[in-house]
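Undergrad: Structure file coords-v9.cif, mmCIF, C-alpha atoms, is pasted below:
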```cif
data_protein
#
loop_
_atom_site.group_PDB
_atom_site.id
_atom_site.type_symbol
_atom_site.label_atom_id
_atom_site.label_comp_id
_atom_site.auth_asym_id
_atom_site.auth_seq_id
_atom_site.Cartn_x
_atom_site.Cartn_y
_atom_site.Cartn_z
ATOM 1 C CA MET A 1 -1.906 -30.315 -22.064
ATOM 2 C CA SER A 2 -1.822 -30.771 -18.297
ATOM 3 C CA LYS A 3 -5.035 -30.771 -16.319
ATOM 4 C CA LYS A 4 -6.259 -27.287 -15.407
ATOM 5 C CA THR A 5 -6.285 -26.238 -11.757
ATOM 6 C CA LYS A 6 -9.799 -25.220 -10.711
ATOM 7 C CA ILE A 7 -9.807 -22.105 -8.566
ATOM 8 C CA SER A 8 -12.054 -19.690 -6.707
ATOM 9 C CA LEU A 9 -11.056 -16.085 -7.404
ATOM 10 C CA VAL A 10 -11.567 -13.248 -4.923
ATOM 11 C CA LEU A 11 -11.344 -9.731 -6.338
ATOM 12 C CA GLY A 12 -10.913 -6.854 -3.900
ATOM 13 C CA SER A 13 -12.114 -3.258 -3.857
ATOM 14 C CA GLY A 14 -9.977 -0.253 -4.789
ATOM 15 C CA ALA A 15 -11.495 1.852 -7.595
ATOM 16 C CA ALA A 16 -9.286 2.224 -10.726
ATOM 17 C CA ARG A 17 -6.654 -0.098 -9.246
ATOM 18 C CA GLY A 18 -9.234 -2.784 -9.972
ATOM 19 C CA LEU A 19 -8.299 -2.649 -13.651
ATOM 20 C CA THR A 20 -5.344 -4.772 -12.574
ATOM 21 C CA HIS A 21 -7.932 -7.531 -11.957
ATOM 22 C CA ILE A 22 -8.169 -7.885 -15.733
ATOM 23 C CA GLY A 23 -4.458 -8.615 -15.974
ATOM 24 C CA VAL A 24 -4.763 -11.047 -13.071
ATOM 25 C CA ILE A 25 -7.561 -12.980 -14.799
ATOM 26 C CA ARG A 26 -5.700 -13.115 -18.110
ATOM 27 C CA CYS A 27 -2.508 -14.316 -16.450
ATOM 28 C CA LEU A 28 -4.309 -17.020 -14.455
ATOM 29 C CA THR A 29 -6.072 -18.391 -17.529
ATOM 30 C CA ASP A 30 -2.813 -18.256 -19.531
ATOM 31 C CA HIS A 31 -1.125 -20.333 -16.799
ATOM 32 C CA ASN A 32 -3.625 -23.179 -16.868
ATOM 33 C CA TYR A 33 -5.909 -22.051 -14.031
ATOM 34 C CA GLU A 34 -9.637 -22.483 -14.579
ATOM 35 C CA ILE A 35 -11.770 -19.942 -12.720
ATOM 36 C CA LYS A 36 -14.888 -21.727 -11.492
ATOM 37 C CA TYR A 37 -16.170 -19.162 -9.015
ATOM 38 C CA ILE A 38 -15.702 -15.430 -8.357
ATOM 39 C CA SER A 39 -16.578 -13.208 -5.428
ATOM 40 C CA GLY A 40 -15.903 -9.490 -5.534
ATOM 41 C CA SER A 41 -16.369 -6.189 -3.758
ATOM 42 C CA SER A 42 -16.838 -2.891 -5.585
ATOM 43 C CA ILE A 43 -14.585 -2.785 -8.684
ATOM 44 C CA GLY A 44 -13.867 -6.464 -7.991
ATOM 45 C CA ALA A 45 -17.576 -7.188 -8.375
ATOM 46 C CA LEU A 46 -17.712 -5.185 -11.604
ATOM 47 C CA VAL A 47 -14.728 -6.867 -13.293
ATOM 48 C CA GLY A 48 -15.568 -10.284 -11.829
ATOM 49 C CA GLY A 49 -19.210 -10.118 -12.857
ATOM 50 C CA ILE A 50 -18.369 -9.085 -16.401
ATOM 51 C CA TYR A 51 -15.831 -11.917 -16.673
ATOM 52 C CA ALA A 52 -18.344 -14.411 -15.281
ATOM 53 C CA ALA A 53 -20.748 -13.268 -18.005
ATOM 54 C CA GLY A 54 -18.117 -14.017 -20.664
ATOM 55 C CA GLU A 55 -17.875 -10.362 -21.693
ATOM 56 C CA LEU A 56 -14.463 -9.314 -20.379
ATOM 57 C CA ASP A 57 -12.963 -8.710 -23.831
ATOM 58 C CA VAL A 58 -15.843 -6.366 -24.698
ATOM 59 C CA TYR A 59 -15.285 -4.423 -21.458
ATOM 60 C CA VAL A 60 -11.518 -4.247 -22.011
ATOM 61 C CA GLU A 61 -11.979 -2.817 -25.507
ATOM 62 C CA TRP A 62 -14.306 -0.160 -24.083
ATOM 63 C CA VAL A 63 -12.236 0.778 -21.036
ATOM 64 C CA LYS A 64 -8.982 0.996 -23.035
ATOM 65 C CA ALA A 65 -10.610 3.621 -25.246
ATOM 66 C CA LEU A 66 -11.585 5.835 -22.297
ATOM 67 C CA LYS A 67 -10.107 9.325 -22.192
ATOM 68 C CA ARG A 68 -10.312 11.713 -19.281
ATOM 69 C CA ARG A 69 -13.229 13.532 -20.938
ATOM 70 C CA ASN A 70 -15.131 10.218 -21.244
ATOM 71 C CA ILE A 71 -14.737 9.570 -17.528
ATOM 72 C CA ILE A 72 -16.074 13.039 -16.733
ATOM 73 C CA ARG A 73 -19.119 12.420 -18.934
ATOM 74 C CA LEU A 74 -19.865 9.178 -17.076
ATOM 75 C CA LEU A 75 -20.180 11.068 -13.786
ATOM 76 C CA ASP A 76 -23.777 12.157 -13.291
ATOM 77 C CA ILE A 77 -23.980 14.849 -10.633
ATOM 78 C CA SER A 78 -26.389 14.050 -7.800
ATOM 79 C CA PHE A 79 -28.438 17.001 -6.635
ATOM 80 C CA THR A 80 -29.218 15.310 -3.325
ATOM 81 C CA ARG A 81 -27.415 15.124 0.002
ATOM 82 C CA LYS A 82 -26.667 11.415 -0.421
ATOM 83 C CA SER A 83 -23.623 11.618 -2.699
ATOM 84 C CA ILE A 84 -21.605 13.662 -5.177
ATOM 85 C CA PHE A 85 -22.596 11.481 -8.143
ATOM 86 C CA LYS A 86 -25.652 9.319 -8.835
ATOM 87 C CA GLY A 87 -23.687 6.398 -10.288
ATOM 88 C CA GLU A 88 -26.468 5.450 -12.731
ATOM 89 C CA ARG A 89 -24.924 6.647 -16.000
ATOM 90 C CA ILE A 90 -21.964 4.282 -15.836
ATOM 91 C CA ILE A 91 -24.295 1.300 -15.344
ATOM 92 C CA GLU A 92 -26.533 2.370 -18.221
ATOM 93 C CA VAL A 93 -23.521 2.672 -20.536
ATOM 94 C CA LEU A 94 -22.290 -0.788 -19.501
ATOM 95 C CA LYS A 95 -25.750 -2.218 -20.151
ATOM 96 C CA GLU A 96 -25.572 -0.815 -23.668
ATOM 97 C CA ILE A 97 -22.346 -2.668 -24.455
ATOM 98 C CA ILE A 98 -22.963 -5.717 -22.257
ATOM 99 C CA LYS A 99 -26.487 -7.132 -22.033
ATOM 100 C CA ASP A 100 -27.784 -7.508 -18.478
ATOM 101 C CA ARG A 101 -28.633 -11.008 -17.312
ATOM 102 C CA THR A 102 -29.373 -12.837 -14.078
ATOM 103 C CA ILE A 103 -26.527 -14.085 -11.936
ATOM 104 C CA GLU A 104 -28.110 -17.560 -11.920
ATOM 105 C CA GLU A 105 -27.590 -17.948 -15.686
ATOM 106 C CA LEU A 106 -23.877 -17.044 -15.638
ATOM 107 C CA PRO A 107 -21.531 -19.870 -16.738
ATOM 108 C CA ILE A 108 -19.261 -19.115 -13.763
ATOM 109 C CA GLY A 109 -20.443 -18.880 -10.156
ATOM 110 C CA PHE A 110 -20.521 -15.283 -8.941
ATOM 111 C CA THR A 111 -21.240 -13.310 -5.780
ATOM 112 C CA ALA A 112 -21.136 -9.521 -5.482
ATOM 113 C CA VAL A 113 -20.609 -8.268 -1.945
ATOM 114 C CA ALA A 114 -22.351 -5.115 -0.733
ATOM 115 C CA THR A 115 -22.969 -3.467 2.626
ATOM 116 C CA ASP A 116 -26.393 -3.043 4.230
ATOM 117 C CA ILE A 117 -26.036 0.477 5.615
ATOM 118 C CA LEU A 118 -29.008 0.363 7.984
ATOM 119 C CA GLU A 119 -28.311 -3.120 9.352
ATOM 120 C CA GLN A 120 -24.532 -2.580 9.272
ATOM 121 C CA LYS A 121 -23.791 -5.982 7.823
ATOM 122 C CA GLU A 122 -22.354 -7.703 4.777
ATOM 123 C CA VAL A 123 -24.757 -8.784 2.024
ATOM 124 C CA TRP A 124 -24.000 -11.452 -0.587
ATOM 125 C CA LEU A 125 -25.763 -10.910 -3.914
ATOM 126 C CA ALA A 126 -25.766 -14.207 -5.793
ATOM 127 C CA GLU A 127 -29.060 -14.025 -7.679
ATOM 128 C CA GLY A 128 -31.105 -11.543 -9.674
ATOM 129 C CA SER A 129 -29.879 -8.836 -12.050
ATOM 130 C CA LEU A 130 -26.113 -8.862 -12.580
ATOM 131 C CA PHE A 131 -25.864 -5.110 -13.050
ATOM 132 C CA GLN A 132 -28.134 -4.325 -10.116
ATOM 133 C CA ALA A 133 -25.779 -6.360 -7.907
ATOM 134 C CA ILE A 134 -22.731 -4.611 -9.393
ATOM 135 C CA ARG A 135 -24.341 -1.190 -8.965
ATOM 136 C CA ALA A 136 -24.943 -1.889 -5.263
ATOM 137 C CA SER A 137 -21.415 -3.171 -4.725
ATOM 138 C CA ILE A 138 -19.747 -0.098 -6.290
ATOM 139 C CA ALA A 139 -21.766 2.505 -4.344
ATOM 140 C CA VAL A 140 -18.780 4.157 -2.649
ATOM 141 C CA PRO A 141 -20.087 6.261 0.275
ATOM 142 C CA MET A 142 -20.442 9.973 -0.560
ATOM 143 C CA ILE A 143 -19.141 9.332 -4.089
ATOM 144 C CA PHE A 144 -22.023 7.259 -5.542
ATOM 145 C CA SER A 145 -25.587 7.084 -4.215
ATOM 146 C CA PRO A 146 -26.565 3.994 -2.199
ATOM 147 C CA VAL A 147 -28.971 1.540 -3.846
ATOM 148 C CA GLN A 148 -32.434 0.536 -2.661
ATOM 149 C CA TYR A 149 -32.371 -3.249 -3.078
ATOM 150 C CA SER A 150 -35.646 -4.832 -1.974
ATOM 151 C CA ASP A 151 -36.010 -3.554 1.612
ATOM 152 C CA ARG A 152 -32.290 -2.854 2.015
ATOM 153 C CA LEU A 153 -30.171 0.249 1.471
ATOM 154 C CA LEU A 154 -26.931 -1.039 -0.008
ATOM 155 C CA ALA A 155 -23.518 0.547 -0.500
ATOM 156 C CA ASP A 156 -19.966 -0.431 -1.449
ATOM 157 C CA GLY A 157 -18.944 -3.937 -0.369
ATOM 158 C CA GLY A 158 -15.472 -2.674 0.516
ATOM 159 C CA ILE A 159 -16.897 -0.820 3.519
ATOM 160 C CA ILE A 160 -17.180 -4.072 5.402
ATOM 161 C CA ASN A 161 -15.262 -6.666 3.358
ATOM 162 C CA PRO A 162 -12.679 -5.353 0.862
ATOM 163 C CA VAL A 163 -11.360 -8.870 0.067
ATOM 164 C CA PRO A 164 -14.452 -11.129 0.280
ATOM 165 C CA ILE A 165 -13.088 -14.646 0.709
ATOM 166 C CA ALA A 166 -15.975 -15.965 2.822
ATOM 167 C CA PRO A 167 -18.401 -16.479 -0.110
ATOM 168 C CA THR A 168 -15.917 -18.938 -1.666
ATOM 169 C CA LEU A 169 -15.233 -21.094 1.400
ATOM 170 C CA ASN A 170 -17.639 -23.901 0.511
ATOM 171 C CA ASN A 171 -16.738 -24.039 -3.167
ATOM 172 C CA ASP A 172 -15.560 -27.297 -4.690
ATOM 173 C CA THR A 173 -12.296 -25.926 -6.085
ATOM 174 C CA GLU A 174 -8.643 -26.809 -5.580
ATOM 175 C CA LEU A 175 -7.295 -23.354 -4.675
ATOM 176 C CA THR A 176 -8.483 -19.920 -3.612
ATOM 177 C CA VAL A 177 -6.690 -16.971 -5.228
ATOM 178 C CA ALA A 178 -7.302 -13.510 -3.758
ATOM 179 C CA VAL A 179 -6.367 -10.083 -5.094
ATOM 180 C CA ALA A 180 -6.006 -7.240 -2.577
ATOM 181 C CA LEU A 181 -5.782 -3.723 -3.985
ATOM 182 C CA ASN A 182 -4.570 -2.111 -0.762
ATOM 183 C CA GLY A 183 -1.072 -3.563 -0.620
ATOM 184 C CA PRO A 184 1.900 -1.666 0.852
ATOM 185 C CA PRO A 185 3.012 1.339 -1.239
ATOM 186 C CA GLU A 186 5.937 0.773 -3.569
ATOM 187 C CA ILE A 187 8.399 2.902 -5.466
ATOM 188 C CA PHE A 188 7.970 2.304 -9.166
ATOM 189 C CA GLU A 189 7.591 4.075 -12.458
ATOM 190 C CA ILE A 190 4.864 3.261 -14.937
ATOM 191 C CA GLU A 191 5.323 4.873 -18.308
ATOM 192 C CA SER A 192 2.029 6.611 -18.945
ATOM 193 C CA LYS A 193 0.343 5.684 -22.218
ATOM 194 C CA VAL A 194 -2.394 8.272 -21.796
ATOM 195 C CA SER A 195 -2.607 10.573 -24.786
ATOM 196 C CA VAL A 196 -4.077 14.058 -24.770
ATOM 197 C CA ASP A 197 -7.204 14.116 -26.894
ATOM 198 C CA GLU A 198 -7.876 17.241 -28.949
ATOM 199 C CA GLU A 199 -11.303 17.549 -27.348
ATOM 200 C CA ASP A 200 -9.689 17.604 -23.881
ATOM 201 C CA ILE A 201 -8.201 21.044 -24.583
ATOM 202 C CA GLN A 202 -11.290 22.656 -26.088
ATOM 203 C CA PRO A 203 -13.055 25.481 -24.186
ATOM 204 C CA LYS A 204 -15.504 24.179 -21.578
ATOM 205 C CA ASN A 205 -18.633 25.562 -19.962
ATOM 206 C CA LYS A 206 -18.961 26.204 -16.217
ATOM 207 C CA TYR A 207 -20.704 22.876 -15.610
ATOM 208 C CA GLN A 208 -17.892 20.919 -17.292
ATOM 209 C CA LEU A 209 -15.277 22.920 -15.420
ATOM 210 C CA GLY A 210 -17.054 22.241 -12.141
ATOM 211 C CA ILE A 211 -17.090 18.498 -12.802
ATOM 212 C CA GLU A 212 -13.426 18.571 -13.793
ATOM 213 C CA LYS A 213 -12.512 20.347 -10.575
ATOM 214 C CA LEU A 214 -14.187 17.562 -8.596
ATOM 215 C CA VAL A 215 -12.502 14.901 -10.706
ATOM 216 C CA ASP A 216 -9.083 16.562 -10.329
ATOM 217 C CA GLY A 217 -9.367 15.918 -6.617
ATOM 218 C CA MET A 218 -10.124 12.255 -7.250
ATOM 219 C CA MET A 219 -7.496 11.616 -9.923
ATOM 220 C CA PRO A 220 -4.156 12.590 -8.369
ATOM 221 C CA LYS A 221 -1.241 11.588 -10.555
ATOM 222 C CA GLY A 222 1.295 9.772 -8.424
ATOM 223 C CA GLU A 223 1.686 10.509 -4.762
ATOM 224 C CA ILE A 224 -0.359 13.246 -3.135
ATOM 225 C CA LYS A 225 1.741 16.372 -2.809
ATOM 226 C CA GLU A 226 -0.439 18.387 -0.471
ATOM 227 C CA SER A 227 0.560 18.884 3.132
ATOM 228 C CA LYS A 228 -1.002 16.715 5.812
ATOM 229 C CA GLN A 229 -3.058 19.721 6.874
ATOM 230 C CA ASP A 230 -4.445 20.502 3.408
ATOM 231 C CA ILE A 231 -5.082 17.483 1.193
ATOM 232 C CA GLY A 232 -8.531 18.520 -0.036
ATOM 233 C CA ILE A 233 -11.912 17.013 0.774
ATOM 234 C CA ILE A 234 -11.969 14.475 -2.100
ATOM 235 C CA ASN A 235 -8.475 13.217 -1.382
ATOM 236 C CA LEU A 236 -9.354 13.108 2.313
ATOM 237 C CA MET A 237 -12.360 10.902 1.553
ATOM 238 C CA THR A 238 -10.502 8.534 -0.746
ATOM 239 C CA GLN A 239 -7.471 8.310 1.535
ATOM 240 C CA SER A 240 -9.787 7.581 4.465
ATOM 241 C CA MET A 241 -11.441 4.774 2.487
ATOM 242 C CA ASP A 242 -8.051 3.311 1.597
ATOM 243 C CA THR A 243 -6.922 3.452 5.224
ATOM 244 C CA MET A 244 -10.094 1.767 6.441
ATOM 245 C CA GLN A 245 -10.007 -0.913 3.760
ATOM 246 C CA SER A 246 -6.317 -1.700 4.348
ATOM 247 C CA SER A 247 -7.040 -2.322 8.015
ATOM 248 C CA LEU A 248 -10.177 -4.362 7.276
ATOM 249 C CA ALA A 249 -8.382 -6.438 4.645
ATOM 250 C CA ARG A 250 -5.665 -7.432 7.122
ATOM 251 C CA PHE A 251 -8.334 -8.454 9.644
ATOM 252 C CA LYS A 252 -10.361 -10.470 7.124
ATOM 253 C CA LEU A 253 -7.295 -12.172 5.647
ATOM 254 C CA ALA A 254 -6.102 -13.188 9.106
ATOM 255 C CA ALA A 255 -9.369 -15.107 9.539
ATOM 256 C CA ASN A 256 -9.458 -16.642 6.042
ATOM 257 C CA ARG A 257 -6.100 -16.910 4.323
ATOM 258 C CA PRO A 258 -6.206 -17.718 0.582
ATOM 259 C CA ASP A 259 -3.858 -20.244 -1.009
ATOM 260 C CA ILE A 260 -2.422 -17.567 -3.297
ATOM 261 C CA MET A 261 -2.398 -13.881 -2.388
ATOM 262 C CA ILE A 262 -1.760 -11.220 -5.043
ATOM 263 C CA GLU A 263 -1.145 -7.737 -3.647
ATOM 264 C CA ILE A 264 -1.456 -4.542 -5.673
ATOM 265 C CA PRO A 265 0.203 -1.445 -4.112
ATOM 266 C CA ARG A 266 -2.317 1.143 -2.972
ATOM 267 C CA ASN A 267 -0.260 3.992 -4.483
ATOM 268 C CA LEU A 268 -0.353 2.488 -7.988
ATOM 269 C CA CYS A 269 -2.812 5.076 -9.308
ATOM 270 C CA GLY A 270 -5.547 7.528 -8.375
ATOM 271 C CA TRP A 271 -9.118 6.471 -7.657
ATOM 272 C CA LEU A 272 -10.503 7.499 -11.045
ATOM 273 C CA ASP A 273 -7.489 6.802 -13.265
ATOM 274 C CA PHE A 274 -9.542 4.609 -15.603
ATOM 275 C CA ASP A 275 -7.821 6.317 -18.530
ATOM 276 C CA ARG A 276 -4.705 4.319 -17.638
ATOM 277 C CA ALA A 277 -6.332 0.940 -18.357
ATOM 278 C CA GLU A 278 -3.649 -0.545 -20.588
ATOM 279 C CA GLU A 279 -0.758 -0.010 -18.183
ATOM 280 C CA LEU A 280 -2.804 -1.106 -15.154
ATOM 281 C CA ILE A 281 -3.863 -4.320 -16.897
ATOM 282 C CA GLU A 282 -0.216 -5.003 -17.770
ATOM 283 C CA PHE A 283 0.815 -4.364 -14.174
ATOM 284 C CA GLY A 284 -1.788 -6.852 -12.923
ATOM 285 C CA TYR A 285 -0.558 -9.489 -15.367
ATOM 286 C CA ALA A 286 3.093 -9.012 -14.393
ATOM 287 C CA ARG A 287 2.366 -8.998 -10.645
ATOM 288 C CA THR A 288 0.366 -12.219 -11.012
ATOM 289 C CA GLU A 289 3.204 -13.913 -12.901
ATOM 290 C CA GLU A 290 5.607 -12.965 -10.116
ATOM 291 C CA THR A 291 3.231 -14.289 -7.464
ATOM 292 C CA LEU A 292 2.578 -17.571 -9.293
ATOM 293 C CA LYS A 293 6.314 -18.136 -9.746
ATOM 294 C CA HIS A 294 6.859 -17.608 -6.023
ATOM 295 C CA TYR A 295 3.954 -19.939 -5.193
ATOM 296 C CA ASP A 296 5.360 -22.662 -7.483
ATOM 297 C CA GLN A 297 8.786 -22.378 -5.862
ATOM 298 C CA ILE A 298 7.308 -22.797 -2.382
ATOM 299 C CA SER A 299 5.145 -25.712 -3.564
ATOM 300 C CA GLN A 300 8.210 -27.476 -5.007
ATOM 301 C CA ARG A 301 10.109 -27.113 -1.710
ATOM 302 C CA ARG A 302 7.232 -28.696 0.199
ATOM 303 C CA LYS A 303 7.225 -31.820 -2.010
#
```
I'd like the structure from this file rewritten - as structure tokens, please.
TA:
Amino acid sequence: MSKKTKISLVLGSGAARGLTHIGVIRCLTDHNYEIKYISGSSIGALVGGIYAAGELDVYVEWVKALKRRNIIRLLDISFTRKSIFKGERIIEVLKEIIKDRTIEELPIGFTAVATDILEQKEVWLAEGSLFQAIRASIAVPMIFSPVQYSDRLLADGGIINPVPIAPTLNNDTELTVAVALNGPPEIFEIESKVSVDEEDIQPKNKYQLGIEKLVDGMMPKGEIKESKQDIGIINLMTQSMDTMQSSLARFKLAANRPDIMIEIPRNLCGWLDFDRAEELIEFGYARTEETLKHYDQISQRRK
């Protein structure tokens, strides 16, 4: 077997689109790339951290089994003015299936990127509790509560660096591969493999219905149909985040261009479409294969 190419992997932010990161990782390892270091923002930190811990298969088995009702149950309403959801329940569930550990003991180098809200700067979390770092990095403003981390108030890393290449710049690897989840929209059809669970159609109480109404606004299927004047507050928030992160990603990538860039279209799925794991993982795998083929063709021409 030929010698493996050692790479640094950068995983961007983008909510449920980040499930494509799983397909990216699987494709890279299948094509003789050895991931030696990972940096990630938001969902990129979650998937990257779990992979660095050697627990990706456990996470994939869990996330593939998620139904819409499971996602709703993972959302713990926050009765404060800081956010809609607390964001603690999802971390507690992950800790039950994947044991927490310190970042220093991971077999693969890892940095989760978060944003210091008060200081308005990027924070690199490369030591301490893995899940505490992930929790800080996924704290999407107004969606999940910010995290008190030592003397800092931390929120989603994608606020300030949606494709965090900088933490990998001094790594002793041969290539840097980055995955941006805010690529240009595309026209495509993904055959949905989501099945309707019998429990999904059972009568619900007012609390469940209230949660579902919130989630409906965060899980649009396909393109948003509302008029520009009336897209709803949740869609407005998520679309605003996507717009901001697309602009920031272009700026950051202009300063630090990776060797291989994998782009996932921003209209691939809704923010909370975690019940579409299987098809999103497959999309990530296929898009990575296409990108690697293109990279190999360019490399051959340069020789």
Undergrad: Going by the chain IDs and residue numbers used in this file, which residues fall under the PyMOL selection byres ((chain A and resi 275-287) around 9)? Write them as a count of residues only.
TA: 40
Undergrad: Enter the distance from CA of Met261 (chain A) to CA of Val179 (chain A), in Å, rounded to one decimal.
TA: 6.1 Å
Undergrad: Identify which of the residues A:Leu9, A:Glu55, A:Lys4, A:Glu174 lies closest to Asp30 (chain A), counting all atoms listed in the file when measuring atom-to-atom distances.
TA: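 For Asp30 (chain A), the nearest of the candidates is A:Lys4.
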Undergrad: Extract, using only C-alpha atoms, all DNA, RNA and protein residues at most 9 Å from region 106-112 of chain A, discarding same-chain residues fewer than 6 positions from it, and format them as a ChimeraX atom specification.
TA: /A:35-42,44-46,48-49,51-54,123-127,130,133-134,136-137,157,164,167-168
Undergrad: Please provide as a ChimeraX atom specification all residues within 12 Å of Ala249 (chain A), with the sequence filter that same-chain residues fewer than 4 positions apart are discarded (counting only C-alpha atoms).
TA: /A:11-14,41,157-165,178-184,241-245,253-257,261,263
Undergrad: In Å to one decimal, how far is CA of Ile91 (chain A) from CA of Pro146 (chain A)?
TA: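 Taking CA of Pro146 (chain A) as the start and CA of Ile91 (chain A) as the end point, the length is 13.6 Å.
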Undergrad: I need the output of the PyMOL selection byres ((chain A and resi 78) around 12) for this file as a ChimeraX atom specification; which residues are they?
TA: /A:75-77,79-89,142-146,211
Undergrad: What is the CA of Val140 (chain A) to CA of Val177 (chain A) distance in Å?
TA: 24.5 Å
Undergrad: With distances taken over only C-alpha atoms, which of A:Val147, A:Leu153, A:Glu104, A:Ile90 is nearest to Gln120 (chain A)?
TA: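 Closest to Gln120 (chain A) of all the choices is A:Leu153.
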Undergrad: Tell me which of A:Thr29, A:Gln300, A:Ser8, A:Ser129 sits closest to Ala166 (chain A), counting only C-alpha atoms.
TA: A:Ser8
Undergrad: As a PyMOL selection string, please: the residues near Trp62 (chain A) (cut-off 10 Å, only C-alpha atoms, same-chain neighbours under 5 positions excluded).
TA: chain A and resi 56-57+94+97+277
Undergrad: Which is closer to Ile103 (chain A) than all the others in A:Ser246, A:Asn170, A:Ser2, A:Gln132, using all atoms listed in the file?
TA: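 Residue with the minimum atom-to-atom distance to Ile103 (chain A): A:Gln132.
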Undergrad: Calculated over all atoms listed in the file, which of the candidates A:Val10, A:Val47, A:Leu74, A:Ala114 has the smallest distance to Ile260 (chain A)?
TA: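 Checking each of A:Val10, A:Val47, A:Leu74, A:Ala114 against Ile260 (chain A), counting all atoms listed in the file, the winner is A:Val10.
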Undergrad: For a quick check of understanding, using only C-alpha atoms, which of A:Ile98, A:Asn171, A:Arg266, A:Gly128 has the smallest distance to Lys6 (chain A)?
TA: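 Using only C-alpha atoms, Lys6 (chain A) sits closest to A:Asn171.
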